[in-house]
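Working notes, beginning with the structure itself.
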Amino acid sequence: MWRFISIALSLVLMAAPAAAERIKDIASVAGVRSNQLIGYGLVVGLDGTGDQTTQTPFTLQSFVSMLNQFGIAIPEGTRIQLKNVAAVAVHADLPAFAKPGQTLDITVSSLGNAQSLRGGSLLMTPLQGVDGNTYAMAQGNLVVGGFGVSGADGSKVTVNVPSVGRIPGGAIVERAVKTGFADGKPIVLNLNRADFTTARRVADTINETLGPDVARPMDAMSVVVDAPVNPAHRVNYLSLLENLEVEPGEAPARVVINSRTGTIVVGQHVRVAPVAVTHGSLTVTVSENLEVNQPGALAGGETVVVPRTNIDTEEAINPMFKFAPGPTLDEIVRAVNQVGAAPGDLMAILEALKQSGALRAELLVI
């Protein structure tokens, strides 16, 4: 049976259109996901760039608590001034199917006012999940890409961010997370972008390859696929499914405007109803000059400074351009380029077209 499926899969891949994409690139398996871990710890061994404990008392509290765990008691009233210790937050992503003994890359970020974590070492820190359980233990020497140099006169030069570092393989997994992959239930494929057409095509492609009614679209996001109960067979089954190629449905007509950078993206299916557009700019220039008014020698007056204000207006004359019925993307770009509209002007034109009802697309401002 598996040989037959492999041959059918090869035929589907060879016959797939050029615009087709693999299912593994447009969808993910429900339940197969990473989980965020976070922890609190101490970085030691800094070269005088640690937290100032007078302003970050939690660093001193953590340091004293650590010493108590090793049986070292600090007499009451002892004043401790730390310069080489920093309180940090540690976070990492626990991949799906991660097993105890495997390592994770971790990121260490300063919580206090430490100037730099360069040269520091993270002490053993438990990393917990949202459920409060410990899933990994972190420890190791930090790799910091930034650095800072300061002088006695207050001058300072900082490159990148010296208060954040990473430890490659700095955490060891202590507990695995159940994914539900081996529970024998049907597999659910979640699309990266909700689209009814894509969901139907994914189900049709799977059914054409593996048999009728194997896959059923639930909605615009999910497709349910019957799968073997045996975990080993499920792995082979998913390997076949994720390599099937499907032509995704085309994106909806949409114009995206980034108001901060002036970037404008016009989708392929954007259409404009017949309309005439003109866009002019009015420039107002206000200049103020100071003139000295000095009376004659026998006038007996005083010399005064009199402001003289000049206001000039200039309005650019831009031609009107016309959109034919249902112009394509190429025609829209050509018409706008003919009048030399700047990104700011084009934003105003698109917004006016949307308000007039002539723009047959969603206008999204980010």
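Simple scheme: letters A, B, ... for chains in structure tokens order, numbers from 1 for residues in each chain, numbers from 1 for ligands in the order shown.
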
Shell of 6 Å around Val225 of chain A, only C-alpha atoms, local chain residues under 2 positions omitted, as number ranges by chain: A: 186-187, 214-215

So that each row is one residue of segment 15-121 of chain A with an atom at most 10 Å from segment 195-203 of chain A, can you give its shortest atom pair and the distance in Å to one decimal, using only C-alpha atoms, rows by chain and rising number, as CSV?
```
residue,atom,partner,partner_atom,distance
A:Arg22,CA,A:Val202,CA,9.9
A:Ile23,CA,A:Val202,CA,7.6
A:Ile26,CA,A:Thr198,CA,9.2
A:Ala27,CA,A:Val202,CA,9.6
```

Pick from A:Glu76, A:Asp93, A:Glu250, A:Glu362 nearest to Gln36 of chain A, counting only C-alpha atoms: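 For Gln36 of chain A, the nearest of the candidates is A:Asp93.
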
DSSP on the backbone: which residues in segment 31-239 of chain A end up as helix (DSSP H, G or I)? Give the answer as number ranges by chain. A: 57-69, 196-210, 231-239

Taking N, CA, C and O atoms for each residue, export the selection above as a compact mmCIF listing (two decimals), in the first residue's frame.
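Saved to again_30.txt:
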```txt
# COMPACT_ATOMS: atom_id res chain seq x y z
N PRO A 57 17.24 46.53 44.35
CA PRO A 57 17.36 45.67 45.55
C PRO A 57 17.07 44.20 45.26
O PRO A 57 17.54 43.34 46.01
N PHE A 58 16.31 43.89 44.20
CA PHE A 58 16.00 42.48 43.94
C PHE A 58 17.26 41.72 43.54
O PHE A 58 17.34 40.50 43.74
N THR A 59 18.25 42.39 42.97
CA THR A 59 19.51 41.72 42.65
C THR A 59 20.21 41.26 43.93
O THR A 59 20.70 40.13 44.03
N LEU A 60 20.25 42.15 44.92
CA LEU A 60 20.88 41.80 46.19
C LEU A 60 20.10 40.70 46.90
O LEU A 60 20.70 39.77 47.48
N GLN A 61 18.78 40.75 46.85
CA GLN A 61 17.97 39.71 47.48
C GLN A 61 18.23 38.35 46.84
O GLN A 61 18.34 37.33 47.54
N SER A 62 18.33 38.33 45.53
CA SER A 62 18.60 37.07 44.84
C SER A 62 19.98 36.54 45.18
O SER A 62 20.18 35.33 45.35
N PHE A 63 20.94 37.45 45.29
CA PHE A 63 22.30 37.03 45.62
C PHE A 63 22.38 36.44 47.03
O PHE A 63 22.99 35.39 47.24
N VAL A 64 21.73 37.09 47.98
CA VAL A 64 21.72 36.59 49.35
C VAL A 64 20.99 35.25 49.44
O VAL A 64 21.42 34.33 50.14
N SER A 65 19.89 35.11 48.70
CA SER A 65 19.15 33.85 48.70
C SER A 65 20.00 32.72 48.14
O SER A 65 19.96 31.58 48.64
N MET A 66 20.79 33.01 47.13
CA MET A 66 21.65 31.99 46.55
C MET A 66 22.72 31.55 47.56
O MET A 66 23.01 30.35 47.72
N LEU A 67 23.30 32.52 48.28
CA LEU A 67 24.31 32.16 49.27
C LEU A 67 23.70 31.32 50.39
O LEU A 67 24.35 30.40 50.91
N ASN A 68 22.46 31.63 50.79
CA ASN A 68 21.81 30.84 51.84
C ASN A 68 21.61 29.39 51.42
O ASN A 68 21.69 28.47 52.25
N GLN A 69 21.37 29.17 50.14
CA GLN A 69 21.20 27.80 49.66
C GLN A 69 22.49 27.00 49.79
O GLN A 69 22.45 25.76 49.91
N PHE A 196 -10.80 29.82 1.82
CA PHE A 196 -11.68 28.70 1.50
C PHE A 196 -11.20 27.93 0.27
O PHE A 196 -11.26 26.70 0.22
N THR A 197 -10.72 28.66 -0.72
CA THR A 197 -10.26 28.00 -1.94
C THR A 197 -9.06 27.12 -1.67
O THR A 197 -8.98 25.98 -2.15
N THR A 198 -8.12 27.62 -0.90
CA THR A 198 -6.94 26.82 -0.58
C THR A 198 -7.30 25.59 0.24
O THR A 198 -6.78 24.49 0.00
N ALA A 199 -8.21 25.73 1.21
CA ALA A 199 -8.63 24.59 2.01
C ALA A 199 -9.28 23.51 1.14
O ALA A 199 -9.02 22.31 1.31
N ARG A 200 -10.11 23.93 0.20
CA ARG A 200 -10.75 22.94 -0.69
C ARG A 200 -9.72 22.26 -1.57
O ARG A 200 -9.77 21.05 -1.78
N ARG A 201 -8.75 23.02 -2.09
CA ARG A 201 -7.75 22.43 -2.96
C ARG A 201 -6.83 21.48 -2.21
O ARG A 201 -6.41 20.46 -2.76
N VAL A 202 -6.52 21.78 -0.96
CA VAL A 202 -5.71 20.86 -0.16
C VAL A 202 -6.45 19.54 0.04
O VAL A 202 -5.87 18.46 -0.12
N ALA A 203 -7.73 19.63 0.40
CA ALA A 203 -8.51 18.41 0.59
C ALA A 203 -8.64 17.62 -0.72
O ALA A 203 -8.51 16.39 -0.72
N ASP A 204 -8.87 18.32 -1.83
CA ASP A 204 -9.00 17.62 -3.12
C ASP A 204 -7.70 16.93 -3.52
O ASP A 204 -7.71 15.80 -4.04
N THR A 205 -6.57 17.60 -3.29
CA THR A 205 -5.29 17.00 -3.65
C THR A 205 -5.01 15.75 -2.83
O THR A 205 -4.53 14.72 -3.35
N ILE A 206 -5.31 15.80 -1.53
CA ILE A 206 -5.09 14.63 -0.68
C ILE A 206 -6.02 13.49 -1.09
O ILE A 206 -5.60 12.32 -1.16
N ASN A 207 -7.27 13.80 -1.40
CA ASN A 207 -8.22 12.75 -1.79
C ASN A 207 -7.85 12.14 -3.14
O ASN A 207 -8.04 10.93 -3.36
N GLU A 208 -7.35 12.95 -4.05
CA GLU A 208 -6.93 12.41 -5.34
C GLU A 208 -5.74 11.48 -5.20
O GLU A 208 -5.57 10.55 -6.00
N THR A 209 -4.91 11.69 -4.19
CA THR A 209 -3.71 10.88 -4.00
C THR A 209 -3.97 9.64 -3.15
O THR A 209 -3.51 8.54 -3.48
N LEU A 210 -4.73 9.80 -2.06
CA LEU A 210 -4.89 8.72 -1.09
C LEU A 210 -6.26 8.05 -1.11
O LEU A 210 -6.45 7.06 -0.41
N PRO A 231 1.95 5.12 15.57
CA PRO A 231 2.77 6.34 15.45
C PRO A 231 3.79 6.27 14.33
O PRO A 231 4.04 7.28 13.66
N ALA A 232 4.42 5.11 14.12
CA ALA A 232 5.41 5.00 13.05
C ALA A 232 4.78 5.21 11.69
O ALA A 232 5.35 5.87 10.81
N HIS A 233 3.58 4.65 11.50
CA HIS A 233 2.89 4.86 10.23
C HIS A 233 2.45 6.31 10.08
O HIS A 233 2.39 6.83 8.96
N ARG A 234 2.12 6.96 11.19
CA ARG A 234 1.70 8.36 11.11
C ARG A 234 2.84 9.26 10.63
O ARG A 234 2.62 10.23 9.91
N VAL A 235 4.06 8.92 11.03
CA VAL A 235 5.21 9.70 10.57
C VAL A 235 5.38 9.56 9.06
O VAL A 235 5.57 10.55 8.34
N ASN A 236 5.31 8.33 8.55
CA ASN A 236 5.41 8.13 7.10
C ASN A 236 4.25 8.80 6.38
O ASN A 236 4.43 9.37 5.29
N TYR A 237 3.09 8.74 6.99
CA TYR A 237 1.90 9.34 6.39
C TYR A 237 2.05 10.85 6.27
O TYR A 237 1.77 11.44 5.23
N LEU A 238 2.53 11.50 7.35
CA LEU A 238 2.74 12.95 7.32
C LEU A 238 3.82 13.33 6.34
O LEU A 238 3.77 14.39 5.70
N SER A 239 4.84 12.47 6.20
CA SER A 239 5.90 12.75 5.23
C SER A 239 5.35 12.81 3.81
O SER A 239 5.78 13.63 3.00
```

Can you tell me which residues surround segment 80-85 of chain A at a distance of at most 6 Å, considering only C-alpha atoms, apart from same-chain residues fewer than 6 positions away, and format the answer as a list in words? Val43, Val44, Gly45, Leu46, Asp47, Gly48 and Gly50 of chain A

Write out the residues from the selection above, keeping N, CA and C atoms, as an mmCIF file, in the first residue's frame.
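Written output follows (result.cif):
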```
data_model
loop_
_atom_site.group_PDB
_atom_site.id
_atom_site.type_symbol
_atom_site.label_atom_id
_atom_site.label_comp_id
_atom_site.auth_asym_id
_atom_site.auth_seq_id
_atom_site.Cartn_x
_atom_site.Cartn_y
_atom_site.Cartn_z
ATOM 1 N N VAL A 43 23.585 36.681 36.506
ATOM 2 C CA VAL A 43 24.807 36.640 35.705
ATOM 3 C C VAL A 43 25.936 37.191 36.566
ATOM 4 N N VAL A 44 27.010 36.440 36.690
ATOM 5 C CA VAL A 44 28.141 36.836 37.533
ATOM 6 C C VAL A 44 29.387 36.952 36.672
ATOM 7 N N GLY A 45 30.440 37.512 37.293
ATOM 8 C CA GLY A 45 31.718 37.631 36.597
ATOM 9 C C GLY A 45 31.835 38.843 35.708
ATOM 10 N N LEU A 46 30.959 39.835 35.865
ATOM 11 C CA LEU A 46 31.031 41.036 35.041
ATOM 12 C C LEU A 46 32.181 41.934 35.507
ATOM 13 N N ASP A 47 32.700 42.720 34.599
ATOM 14 C CA ASP A 47 33.830 43.585 34.894
ATOM 15 C C ASP A 47 33.351 44.949 35.372
ATOM 16 N N GLY A 48 32.688 44.965 36.536
ATOM 17 C CA GLY A 48 32.225 46.216 37.104
ATOM 18 C C GLY A 48 31.053 46.841 36.391
ATOM 19 N N GLY A 50 27.865 45.468 36.392
ATOM 20 C CA GLY A 50 26.636 44.851 36.865
ATOM 21 C C GLY A 50 25.649 45.857 37.427
#
```

Just to confirm, what's the straight-line distance from atom CA of Ser222 of chain A to atom CA of Lys24 of chain A in Å (one decimal)?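 Interatomic distance here is 13.6 Å.
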
May I ask which of the residues A:Asn133, A:Gln139, A:Ser356, A:Thr78 is the closest one to Ile106 of chain A, counting only C-alpha atoms?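 Checking each of A:Asn133, A:Gln139, A:Ser356, A:Thr78 against Ile106 of chain A, counting only C-alpha atoms, the winner is A:Gln139.
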
Among segment 115-223 of chain A, which residues does DSSP mark as strand (DSSP E or B) when it is run on the backbone? Keep the chain and numbering as in the structure and answer as a ChimeraX atom specification. /A:121-128,134-141,143,147-150,156-159,164-173,187-191,215-217,222-223

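Separating atom CA of Glu21 of chain A from atom CA of Leu240 of chain A is a distance of 14.1 Å.
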